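Colleague: This is the structure I have questions about; it appears just below.
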Amino acid sequence: MIILSVESTCDETAVALVRDGREVLTDQIFSQARLHAVYGGVVPEIASRSHVEVISQLADRAVAAVGISKREIDAVAVSYAPGLIGAVLVGVSFAKGAASALGVPLIPVHHIRGHMAANYLAYPELEPPYVCLAISGGNSLIVHVRDYTDMEVLGATRDDAAGECFDKVARVLGLGYPGGKPVDELAKTGDDRKYTLPVAQVEGRPYDMSFSGLKTAVINLVHHASQTGGELDRASLCASFQYAVSQALVPRAIAAARETGCVRLVAAGGVAANSRIRADLTAAATEAGLTLYIPPLSLCGDNAAMVGAQGYYEFLAGHTAGSGLNARASLELDRDDWER
Ligand code: KG4
């Protein structure tokens with residue numbers, strides 16, 4: 001089954017063709033990062049307008065790259081939530097038009113389910129059940145994936161997402177947008193114990209996370225240094241920040257795998273590209289006797305192949321949408337509301 005898949009929830013426009021949920025035939029991605037960098041973050045209207053400009057071209061390019069006829073496309077899948085509403089609407093409208101024109105089913109995909117499914121593309125042997133640490137620019141979740149479309153959120157951030165926190169820290173340090181990669185790079189030459197930063201616990205909710213206190217602590221350190229003329233070791237601040245983020249994520253993910261009896265631990269999302277988090281997850285999973293799956297860097301960030309991967313399993317579960325499908329700015333990952 002060949003699925004044409006569409007992603008436009010934030011600042012990447014992408015169209016892919018994926019066979020049977022596991023094989024990427026092509027993944028055409030246009031990153032808008034350059035358009036937003038000057039503003040230090042994503043500007044929603046610029047994002048929507050840019051999606052409109054490039055999405056049709058990307059689809060044509062995808063079909064041409066694989067050399068198939070449009071008649072060979074069996075379904076269209078789209079990231080319909082969560083995301084910047086104007087941006088998601090572009091992808092949903094395009095996907096509805098494409099499904100209608102091709103006369104094939106339309107499959108709505110939760111964007112974070114897509115991130116998790118990126119692992120199916122990289123690891124043919126991976127199957128549920130597993131625990132997933134899903135960490136992106138807008139979400140931080142610990143999920144028990146019982147089956148391809150049957151999942152339970154065990155924990156979530158109470159405030160900022162991990163990626164949002166990386167972007168804010170990068171901004172206050174003047175490292176540009178998006179901030180995850182430059183913080184990761186600078187941290188490599190720093191001492192991760194130089195600054196003691198808070199790792200929050202949420203009472204009674206062991207898998208919930210909170211990153212706003214950590215973000216504020218970093219901002220306060222930077223402001224204090226600039227106001228007093230004190231020394232600021234930026235590399236060590238980045239390293240200490242990453243250490244704190246990793247401490248907030250890794251032990252929780254391991255504990256969730258233990259509690260649910262899962263032997264597989266999966267990571268997903270843009271922040272899963274972080275070298276410190278990857279190293280800590282690898283060490284902790286080995287120590288706990290878990291098999292760890294982390295997508296290659298090319299599949300951590302937003303892409304459309306991951307939407308096609310999850311779309312295949314949503315289709316097998318009968319989760320298709322009618323012509324009234326709408327975009328959603330927010331949607332719980334484990335909600336089952338397919339009667340639309
Ligand atoms: O998954 P993603 O591409 O988009 C969303 O679905 O949100 O994630 C983007 C986030 C950004 O916050 C970006 O700074 C972060 O992933 N990121 C990283 C790294 N590379 C990207 N965070 C930490 N370390 C990295 N190496």
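We label chains A, B, ... in the order they appear in the structure tokens, count residues from 1 in each chain, and number ligands from 1 in the order shown.
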Write out as a PyMOL selection string which residues come within 7 Å of A:Asn303 when counting only C-alpha atoms, dropping same-chain ones fewer than 2 positions away.
Modeller: chain A and resi 7+14+29+299+301+305-306
Colleague: Taking only C-alpha atoms and all ligand atoms into account, list the residues no farther than 9 Å from ligand 1, as an MDAnalysis selection string.
Modeller: chainID A and resid 9:12 82:83 111:112 115 134:139 161:168 170 177:185 242 268:277 297 299:303
Colleague: Excluding same-chain residues fewer than 2 positions from A:Ala317, what lies within 12 Å of it counting only C-alpha atoms, as a ChimeraX atom specification?
Modeller: /A:107-108,147-150,310-315,319-320,336,338
Colleague: For those residues, write N, CA, C and O atoms to a file as a PDB file, in the first residue's frame.
Modeller:
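The result, written out as part.pdb:
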ATOM      1  N   ILE A 107      -6.467   9.746   5.730  1.00  0.00           N
ATOM      2  CA  ILE A 107      -6.115   9.197   7.052  1.00  0.00           C
ATOM      3  C   ILE A 107      -5.570  10.319   7.936  1.00  0.00           C
ATOM      4  O   ILE A 107      -4.498  10.864   7.657  1.00  0.00           O
ATOM      5  N   PRO A 108      -6.277  10.652   9.023  1.00  0.00           N
ATOM      6  CA  PRO A 108      -5.744  11.660   9.937  1.00  0.00           C
ATOM      7  C   PRO A 108      -4.735  11.037  10.898  1.00  0.00           C
ATOM      8  O   PRO A 108      -4.966   9.956  11.432  1.00  0.00           O
ATOM      9  N   ASP A 147      -0.252  -1.003  21.469  1.00  0.00           N
ATOM     10  CA  ASP A 147      -0.333  -1.499  20.090  1.00  0.00           C
ATOM     11  C   ASP A 147      -0.183  -0.284  19.171  1.00  0.00           C
ATOM     12  O   ASP A 147      -0.157   0.851  19.642  1.00  0.00           O
ATOM     13  N   TYR A 148      -0.141  -0.525  17.870  1.00  0.00           N
ATOM     14  CA  TYR A 148       0.165   0.574  16.940  1.00  0.00           C
ATOM     15  C   TYR A 148      -0.756   1.780  17.115  1.00  0.00           C
ATOM     16  O   TYR A 148      -0.344   2.923  16.912  1.00  0.00           O
ATOM     17  N   THR A 149      -2.016   1.537  17.469  1.00  0.00           N
ATOM     18  CA  THR A 149      -2.934   2.676  17.632  1.00  0.00           C
ATOM     19  C   THR A 149      -3.601   2.656  19.013  1.00  0.00           C
ATOM     20  O   THR A 149      -4.604   3.324  19.221  1.00  0.00           O
ATOM     21  N   ASP A 150      -3.025   1.904  19.927  1.00  0.00           N
ATOM     22  CA  ASP A 150      -3.588   1.817  21.282  1.00  0.00           C
ATOM     23  C   ASP A 150      -2.509   2.266  22.249  1.00  0.00           C
ATOM     24  O   ASP A 150      -1.529   1.548  22.469  1.00  0.00           O
ATOM     25  N   GLN A 310       2.873   5.991  10.431  1.00  0.00           N
ATOM     26  CA  GLN A 310       1.756   5.837  11.378  1.00  0.00           C
ATOM     27  C   GLN A 310       0.429   5.747  10.634  1.00  0.00           C
ATOM     28  O   GLN A 310      -0.477   5.006  11.026  1.00  0.00           O
ATOM     29  N   GLY A 311       0.327   6.496   9.521  1.00  0.00           N
ATOM     30  CA  GLY A 311      -0.913   6.483   8.733  1.00  0.00           C
ATOM     31  C   GLY A 311      -1.288   5.080   8.294  1.00  0.00           C
ATOM     32  O   GLY A 311      -2.469   4.711   8.270  1.00  0.00           O
ATOM     33  N   TYR A 312      -0.284   4.280   7.953  1.00  0.00           N
ATOM     34  CA  TYR A 312      -0.542   2.905   7.513  1.00  0.00           C
ATOM     35  C   TYR A 312      -1.246   2.121   8.623  1.00  0.00           C
ATOM     36  O   TYR A 312      -2.246   1.438   8.379  1.00  0.00           O
ATOM     37  N   TYR A 313      -0.749   2.269   9.864  1.00  0.00           N
ATOM     38  CA  TYR A 313      -1.350   1.504  10.965  1.00  0.00           C
ATOM     39  C   TYR A 313      -2.711   2.081  11.369  1.00  0.00           C
ATOM     40  O   TYR A 313      -3.601   1.347  11.775  1.00  0.00           O
ATOM     41  N   GLU A 314      -2.875   3.388  11.225  1.00  0.00           N
ATOM     42  CA  GLU A 314      -4.191   3.984  11.495  1.00  0.00           C
ATOM     43  C   GLU A 314      -5.204   3.443  10.462  1.00  0.00           C
ATOM     44  O   GLU A 314      -6.348   3.125  10.804  1.00  0.00           O
ATOM     45  N   PHE A 315      -4.751   3.332   9.226  1.00  0.00           N
ATOM     46  CA  PHE A 315      -5.635   2.811   8.171  1.00  0.00           C
ATOM     47  C   PHE A 315      -6.045   1.369   8.483  1.00  0.00           C
ATOM     48  O   PHE A 315      -7.220   1.011   8.387  1.00  0.00           O
ATOM     49  N   HIS A 319      -9.088   3.793  10.918  1.00  0.00           N
ATOM     50  CA  HIS A 319      -9.163   5.209  11.288  1.00  0.00           C
ATOM     51  C   HIS A 319      -9.031   6.109  10.064  1.00  0.00           C
ATOM     52  O   HIS A 319      -7.994   6.724   9.837  1.00  0.00           O
ATOM     53  N   THR A 320     -10.080   6.175   9.284  1.00  0.00           N
ATOM     54  CA  THR A 320     -10.062   7.108   8.156  1.00  0.00           C
ATOM     55  C   THR A 320     -11.054   8.232   8.440  1.00  0.00           C
ATOM     56  O   THR A 320     -11.920   8.100   9.304  1.00  0.00           O
ATOM     57  N   ASP A 336      -9.528   8.528  21.659  1.00  0.00           N
ATOM     58  CA  ASP A 336     -10.034   7.676  20.598  1.00  0.00           C
ATOM     59  C   ASP A 336     -11.325   8.300  20.076  1.00  0.00           C
ATOM     60  O   ASP A 336     -12.406   7.970  20.516  1.00  0.00           O
ATOM     61  N   TRP A 338     -12.567   8.663  16.652  1.00  0.00           N
ATOM     62  CA  TRP A 338     -12.477   8.512  15.211  1.00  0.00           C
ATOM     63  C   TRP A 338     -13.811   8.645  14.500  1.00  0.00           C
ATOM     64  O   TRP A 338     -13.854   8.628  13.284  1.00  0.00           O
TER      65      TRP A 338
END
Colleague: Quick one: residues within 10 Å of A:Leu84, only C-alpha atoms counted, chain neighbours fewer than 6 positions away excluded, as a list in words?
Modeller: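 Contacts, in chain order: Ser8, Thr9, Cys10, Asp11, Val42, Val43, Pro44, Glu45, Ala47, Ser48, Gly138, Ala327, Arg328, Ala329 and Ser330 of chain A.
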Colleague: May I have the selected residues written with N, CA, C and O atoms, as a PDB file, in the first residue's frame?
Modeller:
ATOM      1  N   SER A   8       2.665  19.576   8.051  1.00  0.00           N
ATOM      2  CA  SER A   8       2.784  21.047   8.006  1.00  0.00           C
ATOM      3  C   SER A   8       2.407  21.653   9.360  1.00  0.00           C
ATOM      4  O   SER A   8       1.870  22.753   9.396  1.00  0.00           O
ATOM      5  N   THR A   9       2.700  20.942  10.464  1.00  0.00           N
ATOM      6  CA  THR A   9       2.180  21.416  11.756  1.00  0.00           C
ATOM      7  C   THR A   9       2.957  22.588  12.337  1.00  0.00           C
ATOM      8  O   THR A   9       2.462  23.286  13.206  1.00  0.00           O
ATOM      9  N   CYS A  10       4.201  22.781  11.883  1.00  0.00           N
ATOM     10  CA  CYS A  10       4.991  23.876  12.457  1.00  0.00           C
ATOM     11  C   CYS A  10       5.788  24.567  11.348  1.00  0.00           C
ATOM     12  O   CYS A  10       5.194  25.210  10.496  1.00  0.00           O
ATOM     13  N   ASP A  11       7.100  24.408  11.339  1.00  0.00           N
ATOM     14  CA  ASP A  11       7.881  25.160  10.359  1.00  0.00           C
ATOM     15  C   ASP A  11       8.615  24.277   9.353  1.00  0.00           C
ATOM     16  O   ASP A  11       9.585  24.705   8.751  1.00  0.00           O
ATOM     17  N   VAL A  42       9.229  30.773  15.739  1.00  0.00           N
ATOM     18  CA  VAL A  42       8.316  30.604  14.609  1.00  0.00           C
ATOM     19  C   VAL A  42       7.230  31.685  14.630  1.00  0.00           C
ATOM     20  O   VAL A  42       6.561  31.883  15.651  1.00  0.00           O
ATOM     21  N   VAL A  43       7.051  32.379  13.509  1.00  0.00           N
ATOM     22  CA  VAL A  43       5.970  33.364  13.364  1.00  0.00           C
ATOM     23  C   VAL A  43       4.816  32.648  12.650  1.00  0.00           C
ATOM     24  O   VAL A  43       4.961  32.269  11.470  1.00  0.00           O
ATOM     25  N   PRO A  44       3.683  32.415  13.331  1.00  0.00           N
ATOM     26  CA  PRO A  44       2.641  31.557  12.760  1.00  0.00           C
ATOM     27  C   PRO A  44       2.178  31.965  11.368  1.00  0.00           C
ATOM     28  O   PRO A  44       2.027  31.111  10.493  1.00  0.00           O
ATOM     29  N   GLU A  45       1.962  33.237  11.123  1.00  0.00           N
ATOM     30  CA  GLU A  45       1.428  33.618   9.809  1.00  0.00           C
ATOM     31  C   GLU A  45       2.454  33.375   8.703  1.00  0.00           C
ATOM     32  O   GLU A  45       2.110  32.923   7.600  1.00  0.00           O
ATOM     33  N   ALA A  47       4.641  31.081   8.766  1.00  0.00           N
ATOM     34  CA  ALA A  47       4.667  29.617   8.593  1.00  0.00           C
ATOM     35  C   ALA A  47       3.538  29.184   7.654  1.00  0.00           C
ATOM     36  O   ALA A  47       3.769  28.449   6.682  1.00  0.00           O
ATOM     37  N   SER A  48       2.313  29.658   7.909  1.00  0.00           N
ATOM     38  CA  SER A  48       1.168  29.253   7.080  1.00  0.00           C
ATOM     39  C   SER A  48       1.381  29.653   5.627  1.00  0.00           C
ATOM     40  O   SER A  48       1.151  28.859   4.704  1.00  0.00           O
ATOM     41  N   GLY A 138       7.122  21.070  20.822  1.00  0.00           N
ATOM     42  CA  GLY A 138       5.862  21.442  21.470  1.00  0.00           C
ATOM     43  C   GLY A 138       5.345  20.447  22.485  1.00  0.00           C
ATOM     44  O   GLY A 138       4.350  20.722  23.170  1.00  0.00           O
ATOM     45  N   ALA A 327      -8.561  20.629  11.067  1.00  0.00           N
ATOM     46  CA  ALA A 327      -7.286  20.686  11.784  1.00  0.00           C
ATOM     47  C   ALA A 327      -7.554  20.954  13.259  1.00  0.00           C
ATOM     48  O   ALA A 327      -8.561  21.572  13.605  1.00  0.00           O
ATOM     49  N   ARG A 328      -6.658  20.482  14.126  1.00  0.00           N
ATOM     50  CA  ARG A 328      -6.811  20.725  15.563  1.00  0.00           C
ATOM     51  C   ARG A 328      -5.500  21.289  16.110  1.00  0.00           C
ATOM     52  O   ARG A 328      -4.431  20.753  15.842  1.00  0.00           O
ATOM     53  N   ALA A 329      -5.609  22.357  16.893  1.00  0.00           N
ATOM     54  CA  ALA A 329      -4.408  22.935  17.499  1.00  0.00           C
ATOM     55  C   ALA A 329      -3.875  22.036  18.607  1.00  0.00           C
ATOM     56  O   ALA A 329      -2.673  21.975  18.858  1.00  0.00           O
ATOM     57  N   SER A 330      -4.799  21.347  19.298  1.00  0.00           N
ATOM     58  CA  SER A 330      -4.357  20.424  20.344  1.00  0.00           C
ATOM     59  C   SER A 330      -5.230  19.182  20.301  1.00  0.00           C
ATOM     60  O   SER A 330      -6.396  19.241  19.888  1.00  0.00           O
TER      61      SER A 330
END
Colleague: What is the atom CA of A:His223 to atom CA of A:Ser140 distance in Å?
Modeller: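 Distance reported for this atom pair: 26.9 Å.
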Colleague: Between atom CA of A:Val52 and atom CA of A:Ile85, what distance in Å does the model show, to one decimal?
Modeller: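 Interatomic distance here is 13.5 Å.
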Colleague: How close does stretch 93-141 of chain A get to stretch 252-263 of chain A? List, as a Markdown table, each residue of stretch 93-141 of chain A within 7 Å, its nearest atom pair and the distance in Å to one decimal, counting only C-alpha atoms.
Modeller:
| residue | atom | partner | partner_atom | distance |
| --- | --- | --- | --- | --- |
| A:Pro129 | CA | A:Cys262 | CA | 6.6 |
| A:Tyr130 | CA | A:Cys262 | CA | 5.3 |
| A:Val131 | CA | A:Ala257 | CA | 5.6 |
| A:Leu133 | CA | A:Ala253 | CA | 6.2 |
Colleague: Mind giving me the straight-line distance from atom CA of A:His36 to atom CA of A:Phe94 in Å, one decimal?
Modeller: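 Computing the Euclidean distance for atom CA of A:His36 and atom CA of A:Phe94 yields 22.9 Å.
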Colleague: Do a neighbour search on A:Ala284 at 9 Å with only C-alpha atoms, toss out local chain neighbours closer than 6 positions, and write the hits as a list in words.
Modeller: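 What passes the distance filter is Val250, Pro251, Ile254 and Leu290 of chain A.
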Colleague: Please save C-alpha atoms of the selected residues as a PDB file, in the first residue's frame.
Modeller:
ATOM      1  CA  VAL A 250      15.896   9.486  31.191  1.00  0.00           C
ATOM      2  CA  PRO A 251      15.182   8.054  34.684  1.00  0.00           C
ATOM      3  CA  ILE A 254      13.404   3.827  32.333  1.00  0.00           C
ATOM      4  CA  LEU A 290      16.150  -2.699  27.748  1.00  0.00           C
TER       5      LEU A 290
END
